[in-house]
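Next comes query-v2.txt, a file with compact mmCIF, C-alpha atoms.
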# COMPACT_ATOMS: atom_id res chain seq x y z
CA MET A 1 -19.05 -17.21 4.73
CA LYS A 2 -15.24 -17.49 4.59
CA THR A 3 -13.35 -16.59 7.76
CA THR A 4 -10.18 -14.50 7.64
CA ALA A 5 -8.11 -17.63 8.25
CA THR A 6 -9.77 -19.36 5.30
CA ILE A 7 -9.14 -16.39 3.01
CA GLU A 8 -5.47 -16.17 4.03
CA ALA A 9 -5.07 -19.89 3.31
CA MET A 10 -5.89 -19.20 -0.36
CA ILE A 11 -2.53 -17.46 -0.96
CA PRO A 12 0.98 -18.58 0.00
CA LYS A 13 2.34 -17.58 3.40
CA GLY A 14 4.50 -14.48 3.34
CA VAL A 15 2.54 -12.62 0.63
CA LYS A 16 -0.49 -10.36 0.93
CA ASP A 17 -3.43 -8.95 -0.97
CA PHE A 18 -3.45 -5.16 -0.82
CA LEU A 19 -6.93 -3.69 -1.14
CA PRO A 20 -7.52 -0.06 -2.21
CA LEU A 21 -7.07 1.27 1.34
CA ASN A 22 -3.42 0.16 1.47
CA SER A 23 -2.67 0.15 -2.26
CA VAL A 24 -3.28 3.88 -2.52
CA LYS A 25 -0.92 4.41 0.43
CA ILE A 26 1.79 2.33 -1.22
CA GLU A 27 1.42 4.37 -4.41
CA HIS A 28 1.64 7.57 -2.37
CA LEU A 29 4.86 6.40 -0.70
CA LYS A 30 6.35 5.38 -4.03
CA SER A 31 5.38 8.70 -5.63
CA CYS A 32 6.94 10.74 -2.80
CA LEU A 33 10.20 8.80 -3.04
CA HIS A 34 10.42 9.08 -6.82
CA ASP A 35 9.80 12.81 -6.63
CA VAL A 36 12.97 13.06 -4.52
CA PHE A 37 14.88 10.67 -6.80
CA LYS A 38 14.00 12.76 -9.83
CA GLN A 39 14.96 16.04 -8.16
CA TRP A 40 18.38 14.60 -7.32
CA GLY A 41 18.93 13.61 -10.96
CA PHE A 42 18.24 9.86 -10.87
CA GLN A 43 16.83 8.12 -13.94
CA PRO A 44 14.37 5.19 -13.69
CA ILE A 45 15.12 1.68 -14.88
CA THR A 46 12.96 -1.46 -14.76
CA PRO A 47 14.84 -4.75 -14.26
CA PRO A 48 13.17 -8.05 -15.23
CA SER A 49 11.30 -10.15 -12.68
CA LEU A 50 13.27 -13.28 -13.67
CA GLU A 51 17.01 -13.89 -14.01
CA PHE A 52 19.22 -16.86 -14.82
CA LEU A 53 20.32 -18.16 -11.43
CA ASP A 54 24.00 -18.52 -12.33
CA VAL A 55 24.11 -14.91 -13.56
CA LEU A 56 22.18 -13.50 -10.62
CA GLU A 57 24.34 -15.29 -8.06
CA GLN A 58 27.43 -13.46 -9.29
CA GLY A 59 26.10 -10.43 -7.43
CA LEU A 60 24.57 -12.07 -4.35
CA GLY A 61 26.10 -12.48 -0.93
CA ASN A 62 25.70 -15.75 0.94
CA ASP A 63 22.66 -14.53 2.89
CA LEU A 64 20.79 -13.57 -0.30
CA LYS A 65 21.78 -16.78 -2.09
CA GLU A 66 20.14 -18.78 0.69
CA CYS A 67 16.81 -16.97 0.33
CA THR A 68 16.64 -17.00 -3.51
CA LEU A 69 13.59 -18.74 -4.99
CA ARG A 70 14.55 -20.82 -8.03
CA PHE A 71 12.97 -23.20 -10.52
CA ASP A 72 13.66 -25.04 -13.78
CA ASP A 73 13.07 -23.18 -17.06
CA ARG A 74 11.49 -25.48 -19.65
CA GLN A 75 12.57 -23.16 -22.48
CA SER A 76 16.30 -22.91 -21.74
CA GLY A 77 16.81 -25.96 -19.53
CA LYS A 78 18.59 -23.68 -17.03
CA LEU A 79 17.68 -22.63 -13.51
CA LEU A 80 15.78 -19.35 -13.21
CA ALA A 81 15.42 -17.24 -10.09
CA PHE A 82 13.21 -14.51 -8.71
CA PRO A 83 15.63 -11.74 -7.64
CA PRO A 84 15.77 -11.35 -3.84
CA ASP A 85 17.26 -7.87 -4.22
CA ILE A 86 17.37 -5.25 -6.98
CA THR A 87 20.95 -3.99 -6.55
CA PRO A 88 22.63 -7.03 -8.19
CA GLN A 89 20.31 -6.59 -11.17
CA VAL A 90 21.27 -2.93 -11.46
CA ALA A 91 24.95 -3.94 -11.26
CA ARG A 92 24.42 -6.40 -14.15
CA ILE A 93 22.55 -3.83 -16.22
CA PHE A 94 25.28 -1.25 -15.67
CA ALA A 95 28.17 -3.62 -16.46
CA THR A 96 26.57 -5.08 -19.60
CA ARG A 97 24.14 -2.52 -21.01
CA LEU A 98 25.64 0.78 -19.82
CA LYS A 99 29.36 -0.01 -20.00
CA GLU A 100 29.93 2.73 -22.59
CA ALA A 101 27.82 5.29 -20.72
CA PRO A 102 29.49 8.27 -19.04
CA LEU A 103 30.10 8.14 -15.30
CA PRO A 104 28.66 8.54 -12.81
CA GLN A 105 25.34 6.83 -13.51
CA ARG A 106 22.40 7.71 -11.27
CA LEU A 107 19.66 5.07 -11.50
CA CYS A 108 16.43 4.52 -9.55
CA TYR A 109 13.70 1.88 -9.42
CA SER A 110 10.57 0.58 -7.72
CA CYS A 111 10.17 -3.20 -7.87
CA ARG A 112 8.97 -6.22 -5.96
CA VAL A 113 11.41 -8.94 -4.96
CA LEU A 114 10.73 -12.43 -3.62
CA ARG A 115 12.67 -14.16 -0.87
CA HIS A 116 12.49 -17.59 0.66
CA THR A 117 11.84 -17.50 4.41
CA GLU A 118 11.37 -20.28 6.91
CA GLU A 119 7.69 -20.87 7.66
CA GLN A 120 8.12 -20.29 11.38
CA ALA A 121 9.88 -16.97 10.81
CA GLY A 122 6.65 -15.20 9.85
CA LYS A 123 8.47 -12.77 7.56
CA ASP A 124 7.31 -11.30 4.27
CA ARG A 125 8.46 -13.25 1.21
CA GLU A 126 7.48 -10.40 -1.07
CA VAL A 127 9.31 -7.11 -0.54
CA PHE A 128 8.43 -3.79 -2.18
CA GLN A 129 11.60 -1.75 -2.79
CA SER A 130 12.10 1.80 -4.01
CA GLY A 131 15.71 2.83 -4.25
CA VAL A 132 18.66 4.40 -6.02
CA GLU A 133 22.14 3.36 -7.14
CA LEU A 134 24.99 5.81 -7.71
CA ILE A 135 27.62 4.04 -9.83
CA GLY A 136 31.03 5.40 -10.78
CA HIS A 137 31.44 7.89 -7.94
CA ASN A 138 33.83 7.14 -5.09
CA GLY A 139 34.66 8.83 -1.82
CA PRO A 140 32.91 10.62 1.06
CA GLN A 141 30.98 13.00 -1.17
CA ALA A 142 29.09 10.16 -2.84
CA ASP A 143 28.39 8.38 0.47
CA ALA A 144 27.16 11.61 2.03
CA GLU A 145 24.94 12.28 -0.99
CA MET A 146 23.16 8.96 -0.43
CA ILE A 147 22.62 9.62 3.26
CA ALA A 148 21.44 13.20 2.72
CA MET A 149 19.09 12.03 -0.01
CA ALA A 150 17.63 9.32 2.22
CA LEU A 151 17.04 11.91 4.91
CA GLU A 152 15.26 14.15 2.42
CA CYS A 153 13.05 11.18 1.55
CA PHE A 154 12.04 10.94 5.20
CA ASP A 155 11.19 14.64 5.19
CA ARG A 156 9.15 14.30 1.99
CA LEU A 157 7.22 11.38 3.46
CA ALA A 158 6.42 13.50 6.54
CA THR A 159 7.46 10.61 8.74
CA PRO A 160 7.47 10.73 12.53
CA GLN A 161 10.81 11.08 14.30
CA TYR A 162 13.56 9.33 12.36
CA THR A 163 17.28 8.59 12.52
CA ILE A 164 19.92 7.10 10.26
CA ASP A 165 22.56 4.87 11.83
CA ILE A 166 25.88 4.93 9.98
CA GLY A 167 28.44 2.14 10.14
CA GLN A 168 31.69 1.24 8.39
CA VAL A 169 32.28 -2.45 7.67
CA GLU A 170 36.02 -1.90 7.21
CA PHE A 171 36.28 -0.86 10.87
CA TYR A 172 34.92 -4.25 11.96
CA ARG A 173 36.98 -6.15 9.40
CA GLY A 174 40.15 -4.46 10.60
CA ALA A 175 39.41 -5.49 14.17
CA LEU A 176 38.60 -9.15 13.46
CA ASN A 177 40.29 -10.29 10.27
CA SER A 178 43.77 -10.43 11.77
CA LEU A 179 42.63 -12.84 14.51
CA ASN A 180 42.35 -15.93 12.28
CA LEU A 181 39.24 -17.22 14.05
CA THR A 182 37.52 -20.44 13.05
CA PRO A 183 34.21 -20.00 11.20
CA GLN A 184 32.36 -21.18 14.32
CA ASP A 185 34.12 -18.73 16.62
CA LEU A 186 33.70 -15.89 14.12
CA CYS A 187 29.96 -16.59 13.83
CA ALA A 188 29.54 -16.62 17.62
CA VAL A 189 31.43 -13.34 18.01
CA GLN A 190 29.43 -11.70 15.23
CA GLN A 191 26.11 -12.73 16.76
CA ASP A 192 27.11 -11.30 20.14
CA ILE A 193 28.14 -8.01 18.53
CA LEU A 194 24.91 -7.83 16.50
CA ARG A 195 22.87 -8.38 19.67
CA LYS A 196 25.15 -5.95 21.53
CA ASP A 197 25.50 -8.65 24.17
CA SER A 198 28.75 -7.61 25.86
CA SER A 199 28.52 -10.27 28.57
CA SER A 200 28.26 -13.19 26.13
CA LEU A 201 30.91 -11.62 23.89
CA LYS A 202 33.35 -11.40 26.80
CA GLN A 203 32.77 -15.08 27.62
CA HIS A 204 33.47 -16.11 24.03
CA LEU A 205 36.62 -14.01 23.82
CA GLU A 206 37.99 -15.56 27.02
CA THR A 207 38.04 -18.93 25.23
CA LEU A 208 40.12 -17.60 22.32
CA ASN A 209 43.88 -17.45 22.03
CA ILE A 210 44.16 -13.72 21.41
CA SER A 211 45.93 -10.87 23.23
CA ASP A 212 44.28 -8.61 25.79
CA ALA A 213 44.63 -5.65 23.41
CA GLU A 214 42.78 -7.59 20.69
CA LYS A 215 40.07 -8.55 23.18
CA ASP A 216 39.64 -4.89 24.14
CA GLU A 217 39.18 -3.93 20.47
CA ILE A 218 36.42 -6.52 19.99
CA LEU A 219 34.73 -5.82 23.34
CA ALA A 220 34.46 -2.16 22.38
CA LEU A 221 32.38 -2.84 19.26
CA PRO A 222 28.92 -3.28 20.89
CA ARG A 223 29.47 -0.06 22.87
CA LEU A 224 30.49 2.09 19.90
CA PHE A 225 27.02 3.44 19.23
CA GLY A 226 25.78 7.00 19.61
CA ASN A 227 26.77 10.49 18.48
CA ARG A 228 30.01 11.58 16.83
CA SER A 229 31.94 11.18 20.06
CA VAL A 230 31.84 7.45 19.30
CA LEU A 231 34.59 8.04 16.73
CA ASP A 232 36.87 9.48 19.40
CA GLN A 233 36.17 6.50 21.66
CA ALA A 234 36.92 4.11 18.79
CA ALA A 235 40.23 5.84 18.05
CA THR A 236 41.45 5.09 21.57
CA VAL A 237 40.85 1.30 21.33
CA VAL A 238 41.80 0.30 17.77
CA THR A 239 45.41 -0.20 16.75
CA ASN A 240 45.18 -1.65 13.24
CA ASP A 241 45.56 0.56 10.18
CA ARG A 242 42.47 -0.80 8.42
CA SER A 243 40.14 0.31 11.21
CA LYS A 244 41.89 3.67 11.47
CA ARG A 245 41.33 4.32 7.76
CA ALA A 246 37.65 3.43 8.24
CA LEU A 247 37.38 6.02 11.03
CA ASP A 248 38.98 8.66 8.79
CA ASP A 249 36.41 7.82 6.10
CA LEU A 250 33.57 8.22 8.58
CA HIS A 251 34.92 11.57 9.74
CA SER A 252 34.95 12.79 6.11
CA VAL A 253 31.40 11.63 5.46
CA LEU A 254 30.08 13.26 8.63
CA LYS A 255 31.90 16.50 7.79
CA THR A 256 30.19 16.52 4.37
CA LEU A 257 26.81 15.88 5.99
CA GLU A 258 27.38 18.98 8.12
CA ILE A 259 27.56 20.94 4.87
CA TYR A 260 24.21 19.44 3.84
CA GLY A 261 22.85 20.55 7.23
CA VAL A 262 21.34 17.15 8.10
CA ASP A 263 23.80 15.78 10.67
CA GLN A 264 21.30 16.25 13.52
CA HIS A 265 19.48 13.07 12.43
CA ILE A 266 22.64 10.94 12.39
CA THR A 267 23.90 8.33 14.83
CA VAL A 268 27.03 6.20 14.51
CA ASP A 269 27.05 2.42 14.98
CA LEU A 270 30.47 0.80 14.58
CA GLY A 271 29.08 -2.54 15.74
CA GLU A 272 26.77 -2.85 12.73
CA LEU A 273 27.79 -6.01 10.85
CA ARG A 274 24.96 -6.30 8.32
CA GLY A 275 25.97 -7.38 4.84
CA LEU A 276 29.63 -8.08 5.52
CA ASP A 277 30.07 -10.06 2.30
CA TYR A 278 28.27 -7.41 0.24
CA TYR A 279 29.33 -3.96 1.42
CA THR A 280 32.81 -2.48 1.20
CA GLY A 281 32.67 0.70 3.28
CA ILE A 282 29.99 3.02 4.63
CA THR A 283 26.65 1.37 5.49
CA PHE A 284 23.50 2.95 6.89
CA GLN A 285 20.04 2.08 8.14
CA GLY A 286 17.02 4.35 8.53
CA PHE A 287 14.64 3.91 11.46
CA LEU A 288 11.36 5.46 12.53
CA SER A 289 10.66 6.04 16.21
CA GLY A 290 8.65 3.18 17.73
CA TYR A 291 9.23 0.73 14.86
CA GLY A 292 11.83 -1.95 15.44
CA GLN A 293 12.80 -2.75 11.86
CA ALA A 294 14.81 -0.61 9.46
CA VAL A 295 12.70 1.05 6.76
CA CYS A 296 15.76 2.02 4.69
CA LEU A 297 19.02 0.18 4.04
CA GLY A 298 22.03 1.36 2.09
CA GLY A 299 25.77 1.45 1.70
CA ARG A 300 28.84 1.19 -0.52
CA TYR A 301 29.45 -1.93 -2.64
CA ASP A 302 32.53 -1.29 -4.79
CA ASN A 303 33.09 -4.93 -5.83
CA LEU A 304 29.61 -5.84 -7.06
CA THR A 305 29.72 -4.69 -10.69
CA ALA A 306 33.05 -6.48 -11.21
CA GLY A 307 31.18 -9.77 -10.94
CA TYR A 308 29.50 -8.84 -14.22
CA GLY A 309 32.69 -7.78 -15.97
CA LEU A 310 33.12 -4.07 -15.23
CA GLN A 311 34.67 -2.73 -12.03
CA ALA A 312 33.16 0.51 -10.74
CA PRO A 313 32.70 2.11 -7.32
CA ALA A 314 29.05 2.19 -6.29
CA THR A 315 26.73 3.10 -3.46
CA GLY A 316 22.97 3.27 -2.98
CA PHE A 317 19.97 2.67 -0.75
CA ALA A 318 16.46 1.26 -0.86
CA PHE A 319 13.31 1.90 1.15
CA ASN A 320 11.15 -1.04 2.16
CA LEU A 321 7.68 0.25 1.26
CA LEU A 322 5.82 -2.30 3.40
CA ASN A 323 7.84 -1.36 6.47
CA LEU A 324 7.01 2.27 5.74
CA LEU A 325 3.34 1.39 5.27
CA PHE A 326 3.04 -0.42 8.59
CA SER A 327 5.21 1.98 10.58
CA MET A 328 3.28 5.03 9.30
CA SER A 329 -0.18 3.48 9.35
CA ASP A 330 -1.81 6.16 11.53
CA GLU A 331 -0.18 9.11 9.74
CA LEU A 332 -1.10 7.79 6.29
CA SER A 333 -4.70 7.03 7.32
CA GLN A 334 -5.19 10.69 8.26
CA THR A 335 -4.15 12.01 4.85
CA ILE A 336 -4.40 9.23 2.24
CA GLN A 337 -7.68 7.51 1.39
CA PRO A 338 -8.87 5.71 -1.74
CA ALA A 339 -11.37 8.06 -3.34
CA THR A 340 -12.77 9.25 -6.65
CA GLU A 341 -13.73 12.90 -6.78
CA ILE A 342 -17.11 12.91 -8.57
CA LEU A 343 -20.00 10.45 -8.94
CA ILE A 344 -22.51 11.30 -11.70
CA HIS A 345 -26.10 10.18 -11.06
CA CYS A 346 -28.53 9.84 -13.95
CA CYS A 347 -31.49 7.79 -15.14
CA ASP A 348 -31.48 5.25 -17.99
CA ASN A 349 -32.52 7.73 -20.67
CA GLU A 350 -29.98 10.35 -19.59
CA THR A 351 -26.73 8.40 -20.06
CA GLY A 352 -25.71 10.44 -23.11
CA GLN A 353 -25.77 13.64 -21.11
CA ALA A 354 -23.91 11.92 -18.24
CA HIS A 355 -21.12 10.72 -20.55
CA SER A 356 -20.78 14.22 -22.02
CA VAL A 357 -20.40 15.71 -18.54
CA ALA A 358 -17.90 13.01 -17.56
CA ARG A 359 -15.76 13.65 -20.65
CA GLN A 360 -15.64 17.37 -19.92
CA LEU A 361 -14.63 16.81 -16.30
CA ARG A 362 -11.96 14.21 -17.13
CA ALA A 363 -10.50 16.56 -19.73
CA GLN A 364 -10.12 19.08 -16.91
CA GLY A 365 -8.15 16.55 -14.84
CA ARG A 366 -10.88 15.42 -12.47
CA SER A 367 -11.61 11.78 -11.55
CA VAL A 368 -15.20 10.81 -12.41
CA CYS A 369 -17.46 7.73 -12.30
CA ILE A 370 -20.94 7.36 -13.79
CA ASP A 371 -23.26 5.57 -11.39
CA ILE A 372 -25.45 2.60 -12.28
CA PRO A 373 -29.17 3.41 -12.59
CA ARG A 374 -30.68 3.73 -9.10
CA THR A 375 -32.52 6.23 -6.97
CA LEU A 376 -30.86 9.47 -5.92
CA GLU A 377 -30.98 8.38 -2.29
CA GLN A 378 -29.25 5.10 -3.10
CA ALA A 379 -26.60 6.91 -5.16
CA GLN A 380 -25.91 9.30 -2.29
CA THR A 381 -25.51 6.45 0.21
CA TYR A 382 -23.09 4.66 -2.13
CA ALA A 383 -21.10 7.87 -2.80
CA LYS A 384 -20.57 8.51 0.90
CA LYS A 385 -19.44 4.96 1.59
CA MET A 386 -16.98 5.10 -1.31
CA ASN A 387 -15.51 8.47 -0.22
CA PHE A 388 -16.61 10.47 -3.26
CA THR A 389 -16.30 14.21 -2.76
CA TYR A 390 -19.22 15.31 -4.94
CA LEU A 391 -22.46 13.81 -6.28
CA MET A 392 -23.63 15.35 -9.57
CA THR A 393 -27.13 14.83 -10.91
CA VAL A 394 -27.70 15.38 -14.64
CA THR A 395 -30.94 15.29 -16.65
CA ALA A 396 -31.58 15.20 -20.38
CA THR A 397 -34.20 17.96 -20.17
CA SER A 398 -32.04 20.62 -18.52
CA ASP A 399 -28.56 22.09 -18.94
CA GLN A 400 -28.39 22.60 -15.17
CA ILE A 401 -26.29 20.16 -13.12
CA GLU A 402 -27.07 19.70 -9.43
CA VAL A 403 -23.93 19.29 -7.30
CA LYS A 404 -23.95 18.01 -3.72
CA THR A 405 -20.86 18.29 -1.54
CA LEU A 406 -21.00 15.05 0.43
CA SER A 407 -18.93 16.20 3.40
CA ASP A 408 -21.42 18.89 4.46
CA GLY A 409 -24.50 18.25 2.29
CA GLN A 410 -24.23 21.65 0.60
CA ASN A 411 -26.04 21.91 -2.79
CA THR A 412 -25.06 24.10 -5.72
CA THR A 413 -26.02 24.32 -9.39
CA ILE A 414 -23.77 24.75 -12.42
CA SER A 415 -24.63 25.05 -16.08
CA MET A 416 -23.32 23.04 -19.02
CA ALA A 417 -21.84 26.29 -20.37
CA GLU A 418 -19.82 26.77 -17.17
CA LEU A 419 -18.71 23.15 -17.33
CA THR A 420 -17.62 23.41 -20.98
CA SER A 421 -15.70 26.62 -20.35
CA GLY A 422 -13.84 25.06 -17.44
CA GLN A 423 -14.83 27.92 -15.17
CA ILE A 424 -16.44 25.80 -12.46
CA LYS A 425 -14.80 25.81 -9.05
CA LEU A 426 -15.95 22.97 -6.86

Could you render the structure as structure tokens?
Amino acid sequence: MKTTATIEAMIPKGVKDFLPLNSVKIEHLKSCLHDVFKQWGFQPITPPSLEFLDVLEQGLGNDLKECTLRFDDRQSGKLLAFPPDITPQVARIFATRLKEAPLPQRLCYSCRVLRHTEEQAGKDREVFQSGVELIGHNGPQADAEMIAMALECFDRLATPQYTIDIGQVEFYRGALNSLNLTPQDLCAVQQDILRKDSSSLKQHLETLNISDAEKDEILALPRLFGNRSVLDQAATVVTNDRSKRALDDLHSVLKTLEIYGVDQHITVDLGELRGLDYYTGITFQGFLSGYGQAVCLGGRYDNLTAGYGLQAPATGFAFNLLNLLFSMSDELSQTIQPATEILIHCCDNETGQAHSVARQLRAQGRSVCIDIPRTLEQAQTYAKKMNFTYLMTVTATSDQIEVKTLSDGQNTTISMAELTSGQIKL
């Protein structure tokens, strides 16, 4: 008998088998999200699972380039890559295949991506993403639409308590870019801000040849997290025009979210530095209470499509379905289970009748399996273990069908005439 460790050794680290119990939950999550996408007017696209590396890298930031899986293509002689993110693919598709299409374009997708991770990191190499991209629409209204839509997705998923943290990368850039720090100093400062480690940040800043006013601007970044009052605090410490414009942008987005009536789920984080080489304005992350990783990431990326030959403003977001799956495990287990509605039991010489019944039920939209030949008791045991709702017994000598409700053991009888007419109510 294979142990769990032996079974896991049969597939690469960082990927998983998903059995029916979790697969049906993933499909449920995907379906809920796409219902929202459709209602907001987004059209589905399906990017390829392989790209030429040199083309793909035109839309990747440095962090994504480092985690891209690549290999030689024997057909073309070029390097191919598994996309580590869907957004650059959507940018390529827009700039090359939809360049004559009217703007804005609202596109959505559900895809898997692959990423290289260090073995000791223990992270998933395969990521399930469902997301949207709004291309050709600039300004606070478009950014607010993305955030409001992401919040509606949380509502549709019936998630536990959730929040969306909003940042603005231009605020950070305005505070740091004028300091002319070395790459090493910049990296150290960024890591301190990301960790919100004010003590370490202060020590690093003391070693730099910058003014006290500039130090105060940087030291404020880890503390600028919370409700809308954070914007007022930020306005008192920043002096550069770039950061001030970023604050004005945030004010406009939050004012629009008030119109949507969803601002109660919003927090502001001006020390959020994720994706600095990718995003160009508003960024946001969605979190569920009690789960440490973001389940939704999004933001504005106005320069991405230009890498493929067509400049256009753009914003979007994507949900990580596996993070949703693991963070909502208990809630999903209460409502979503792999199950087929009806199991039909029959003997060898009654299969014709069983297939006729199954066809009628499937035509009425019900899910049906015909059991293998076995005793009624064995069929009932199997049906309970497999979460069937009903067990139907058919015979060739009668037009009566015995129906057992497996949850309570209640028995009823229906006729073939009732079945054919579609009048049965189980």

Top pick for closest residue to A:Ser198, considering A:Pro338, A:Asp185, A:Val169, A:Ala220 and counting all atoms listed in the file =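 Closest to A:Ser198 of all the choices is A:Ala220.
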
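Using all atoms listed in the file for every distance, the candidate list A:Ala318, A:Val237, A:Leu179, A:Ala9 yields A:Ala318 as the residue closest to A:Cys111.
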
query = Which distance in Å separates atom CA of A:Gly226 and atom CA of A:Asn240, to one decimal?
reply = 22.2 Å

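Using all atoms listed in the file, the shortest contact distance between A:Tyr279 and any of A:Arg195, A:Lys385, A:Arg112, A:Arg173 is found at A:Arg173.
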
request  = Measure the distance from atom CA of A:Thr305 to atom CA of A:Cys108 in Å and round it to one decimal.
outcome  = 16.2 Å

Residues of stretch 160-231 of chain A at most 12 Å from stretch 134-143 of chain A: nearest atom pair and distance in Å, all atoms listed in the file, as CSV:
residue,atom,partner,partner_atom,distance
A:Ile166,CA,A:Asp143,CA,10.4
A:Gly167,CA,A:Asp143,CA,11.5
A:Gln168,CA,A:Asp143,CA,11.2

request  = Considering only C-alpha atoms, return as an MDAnalysis selection string whatever protein or nucleic-acid residues lie within 12 Å of A:Gly365, sequence-local ones (same chain, fewer than 5 positions apart) excluded.
outcome  = chainID A and resid 340:342 358:360 422

ask   = What is the atom CA of A:Lys30 to atom CA of A:Arg156 distance in Å?
value =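 Here the two named atoms are 11.1 Å from each other.
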
message = Set the distance at 10 Å and use all atoms listed in the file: which residues neighbour A:Ala383 once local chain neighbours fewer than 2 positions away are removed? I'd like the list as a ChimeraX atom specification.
response = /A:339-345,371,377-381,385-391,406

Could you write out the selected residues, including C-alpha atoms, as a PDB file, in the coordinates of the input?
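Saved file again21.pdb follows:
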ATOM      1  CA  ALA A 339     -11.370   8.060  -3.340  1.00  0.00           C
ATOM      2  CA  THR A 340     -12.770   9.250  -6.650  1.00  0.00           C
ATOM      3  CA  GLU A 341     -13.730  12.900  -6.780  1.00  0.00           C
ATOM      4  CA  ILE A 342     -17.110  12.910  -8.570  1.00  0.00           C
ATOM      5  CA  LEU A 343     -20.000  10.450  -8.940  1.00  0.00           C
ATOM      6  CA  ILE A 344     -22.510  11.300 -11.700  1.00  0.00           C
ATOM      7  CA  HIS A 345     -26.100  10.180 -11.060  1.00  0.00           C
ATOM      8  CA  ASP A 371     -23.260   5.570 -11.390  1.00  0.00           C
ATOM      9  CA  GLU A 377     -30.980   8.380  -2.290  1.00  0.00           C
ATOM     10  CA  GLN A 378     -29.250   5.100  -3.100  1.00  0.00           C
ATOM     11  CA  ALA A 379     -26.600   6.910  -5.160  1.00  0.00           C
ATOM     12  CA  GLN A 380     -25.910   9.300  -2.290  1.00  0.00           C
ATOM     13  CA  THR A 381     -25.510   6.450   0.210  1.00  0.00           C
ATOM     14  CA  LYS A 385     -19.440   4.960   1.590  1.00  0.00           C
ATOM     15  CA  MET A 386     -16.980   5.100  -1.310  1.00  0.00           C
ATOM     16  CA  ASN A 387     -15.510   8.470  -0.220  1.00  0.00           C
ATOM     17  CA  PHE A 388     -16.610  10.470  -3.260  1.00  0.00           C
ATOM     18  CA  THR A 389     -16.300  14.210  -2.760  1.00  0.00           C
ATOM     19  CA  TYR A 390     -19.220  15.310  -4.940  1.00  0.00           C
ATOM     20  CA  LEU A 391     -22.460  13.810  -6.280  1.00  0.00           C
ATOM     21  CA  LEU A 406     -21.000  15.050   0.430  1.00  0.00           C
TER      22      LEU A 406
END

task = Identify, on the basis of all atoms listed in the file, every residue whose closest approach to A:Tyr162 does not exceed 10 Å; exclude the query and any residue fewer than 2 positions from it along the same chain; express the result as a PyMOL selection string.
result = chain A and resi 151+154-155+159-160+164+265-266+286-291

Now that the selection is made, can you save its residues with C-alpha atoms as a compact mmCIF listing (two decimals), keeping the file's coordinate frame?
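Okay, this is what ended up in again26.txt:
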# COMPACT_ATOMS: atom_id res chain seq x y z
CA LEU A 151 17.04 11.91 4.91
CA PHE A 154 12.04 10.94 5.20
CA ASP A 155 11.19 14.64 5.19
CA THR A 159 7.46 10.61 8.74
CA PRO A 160 7.47 10.73 12.53
CA ILE A 164 19.92 7.10 10.26
CA HIS A 265 19.48 13.07 12.43
CA ILE A 266 22.64 10.94 12.39
CA GLY A 286 17.02 4.35 8.53
CA PHE A 287 14.64 3.91 11.46
CA LEU A 288 11.36 5.46 12.53
CA SER A 289 10.66 6.04 16.21
CA GLY A 290 8.65 3.18 17.73
CA TYR A 291 9.23 0.73 14.86

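With distances restricted to all atoms listed in the file, A:Leu60 is the closest residue to A:Arg92 from A:Ile11, A:Leu114, A:Leu60, A:Val368.
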
inquiry  = For a cutoff of 12 Å around the file-coordinate point (46.1, 0.3, 8.4), which residues qualify once you count all atoms listed in the file? I'd like the result as a VMD selection string.
reply    = chain A and resid 170 to 171 173 to 175 178 238 to 248

Next, the residues of the selection above should be written as a short mmCIF file (atom, residue, chain, number, x, y, z; two decimals), keeping the file's coordinate frame with C-alpha atoms.
data_model
loop_
_atom_site.label_atom_id
_atom_site.label_comp_id
_atom_site.auth_asym_id
_atom_site.auth_seq_id
_atom_site.Cartn_x
_atom_site.Cartn_y
_atom_site.Cartn_z
CA GLU A 170 36.02 -1.90 7.21
CA PHE A 171 36.28 -0.86 10.87
CA ARG A 173 36.98 -6.15 9.40
CA GLY A 174 40.15 -4.46 10.60
CA ALA A 175 39.41 -5.49 14.17
CA SER A 178 43.77 -10.43 11.77
CA VAL A 238 41.80 0.30 17.77
CA THR A 239 45.41 -0.20 16.75
CA ASN A 240 45.18 -1.65 13.24
CA ASP A 241 45.56 0.56 10.18
CA ARG A 242 42.47 -0.80 8.42
CA SER A 243 40.14 0.31 11.21
CA LYS A 244 41.89 3.67 11.47
CA ARG A 245 41.33 4.32 7.76
CA ALA A 246 37.65 3.43 8.24
CA LEU A 247 37.38 6.02 11.03
CA ASP A 248 38.98 8.66 8.79
#

Contacts of stretch 63-69 of chain A at 6 Å or less, counting all atoms listed in the file, minus same-chain residues fewer than 4 places along, as a PDB file with C-alpha atoms, keeping the file's coordinate frame?
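The result, written out as result.pdb:
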ATOM      1  CA  ALA A  81      15.420 -17.240 -10.090  1.00  0.00           C
ATOM      2  CA  PHE A  82      13.210 -14.510  -8.710  1.00  0.00           C
ATOM      3  CA  PRO A  84      15.770 -11.350  -3.840  1.00  0.00           C
ATOM      4  CA  ARG A 115      12.670 -14.160  -0.870  1.00  0.00           C
ATOM      5  CA  HIS A 116      12.490 -17.590   0.660  1.00  0.00           C
TER       6      HIS A 116
END

Selection: 9 Å around A:Leu205, all atoms listed in the file, excl. self and same-chain fewer than 2 positions, as a ChimeraX atom specification = /A:185,189,200-203,207-210,215,218-219

query = When distances are computed from only C-alpha atoms, which of A:Glu152, A:Asp124, A:Glu100, A:Glu51 shows the smallest separation from A:Leu79?
reply =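 Going through A:Glu152, A:Asp124, A:Glu100, A:Glu51 one by one, the smallest distance to A:Leu79 is for A:Glu51.
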
key: Pick from A:Ala144, A:Cys346, A:Ala150, A:Leu224 nearest to A:His251, counting all atoms listed in the file   = A:Ala144
